[in-house]
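A.B. asks: Right, I'll just put the structure down here and ask away after.
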Amino acid sequence: MFGIGTVIVGSWLSEGTKRYHHVLRKLQTLGVDPIRFGLRYRATHYEREKDWERWKAICPRLDWQIKVNIDLVGSGGIK
């Protein structure tokens, strides 16, 4: 059975975390929400405009905690 070293997998995880963090920060600086975090916030907070204004103030300052999981299903063909 072939194994992949924990160092390699660990570097994939940290690289994935860095990439996702970079994308989320970029979206924040652009002021866009394609993942629709704001829509979910608005759906779960009921004071309408007051909460929406609060979200618009909070969103640019959010700090992301990202956890990446990688499941290796197969290694592909080996020659």
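Letters A, B, ... go to the chains of the structure tokens in the order shown; residues in each chain start at 1; ligands are counted from 1 in the same order.
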Quick one: residues within 12 Å of Leu39 (chain A), only C-alpha atoms, excluding same-chain residues fewer than 3 positions away - as a PyMOL selection string?

C.D. replies: chain A and resi 32-36+42-45+48+51-52+55-56+59

A.B. asks: Using DSSP on the backbone coordinates, identify all residues within chain A classified as helix (DSSP H, G or I); present the result as a PyMOL selection string.

C.D. replies: chain A and resi 6-30+37-44+49-61

A.B. asks: Give me, please, the distance in Å between CA of Gln28 (chain A) and CA of Asp63 (chain A), quoted to one decimal.

C.D. replies: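 Those two atoms sit 10.2 Å apart.
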
A.B. asks: How many Å lie between CA of Val73 (chain A) and CA of Ser11 (chain A), rounded to one decimal?

C.D. replies: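 CA of Ser11 (chain A) lies 18.2 Å from CA of Val73 (chain A).
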
A.B. asks: Compile the contact shell of Leu62 (chain A) as a PyMOL selection string: residues with an atom at most 12 Å away, counting only C-alpha atoms, same-chain residues fewer than 5 positions apart removed.

C.D. replies: chain A and resi 21+24-25+27-29+37-38+55-57

A.B. asks: Rounded to one decimal in Å, what is the spacing between CA of Thr17 (chain A) and CA of Asn69 (chain A)?

C.D. replies: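 Taking CA of Thr17 (chain A) as the start and CA of Asn69 (chain A) as the end point, the length is 9.5 Å.
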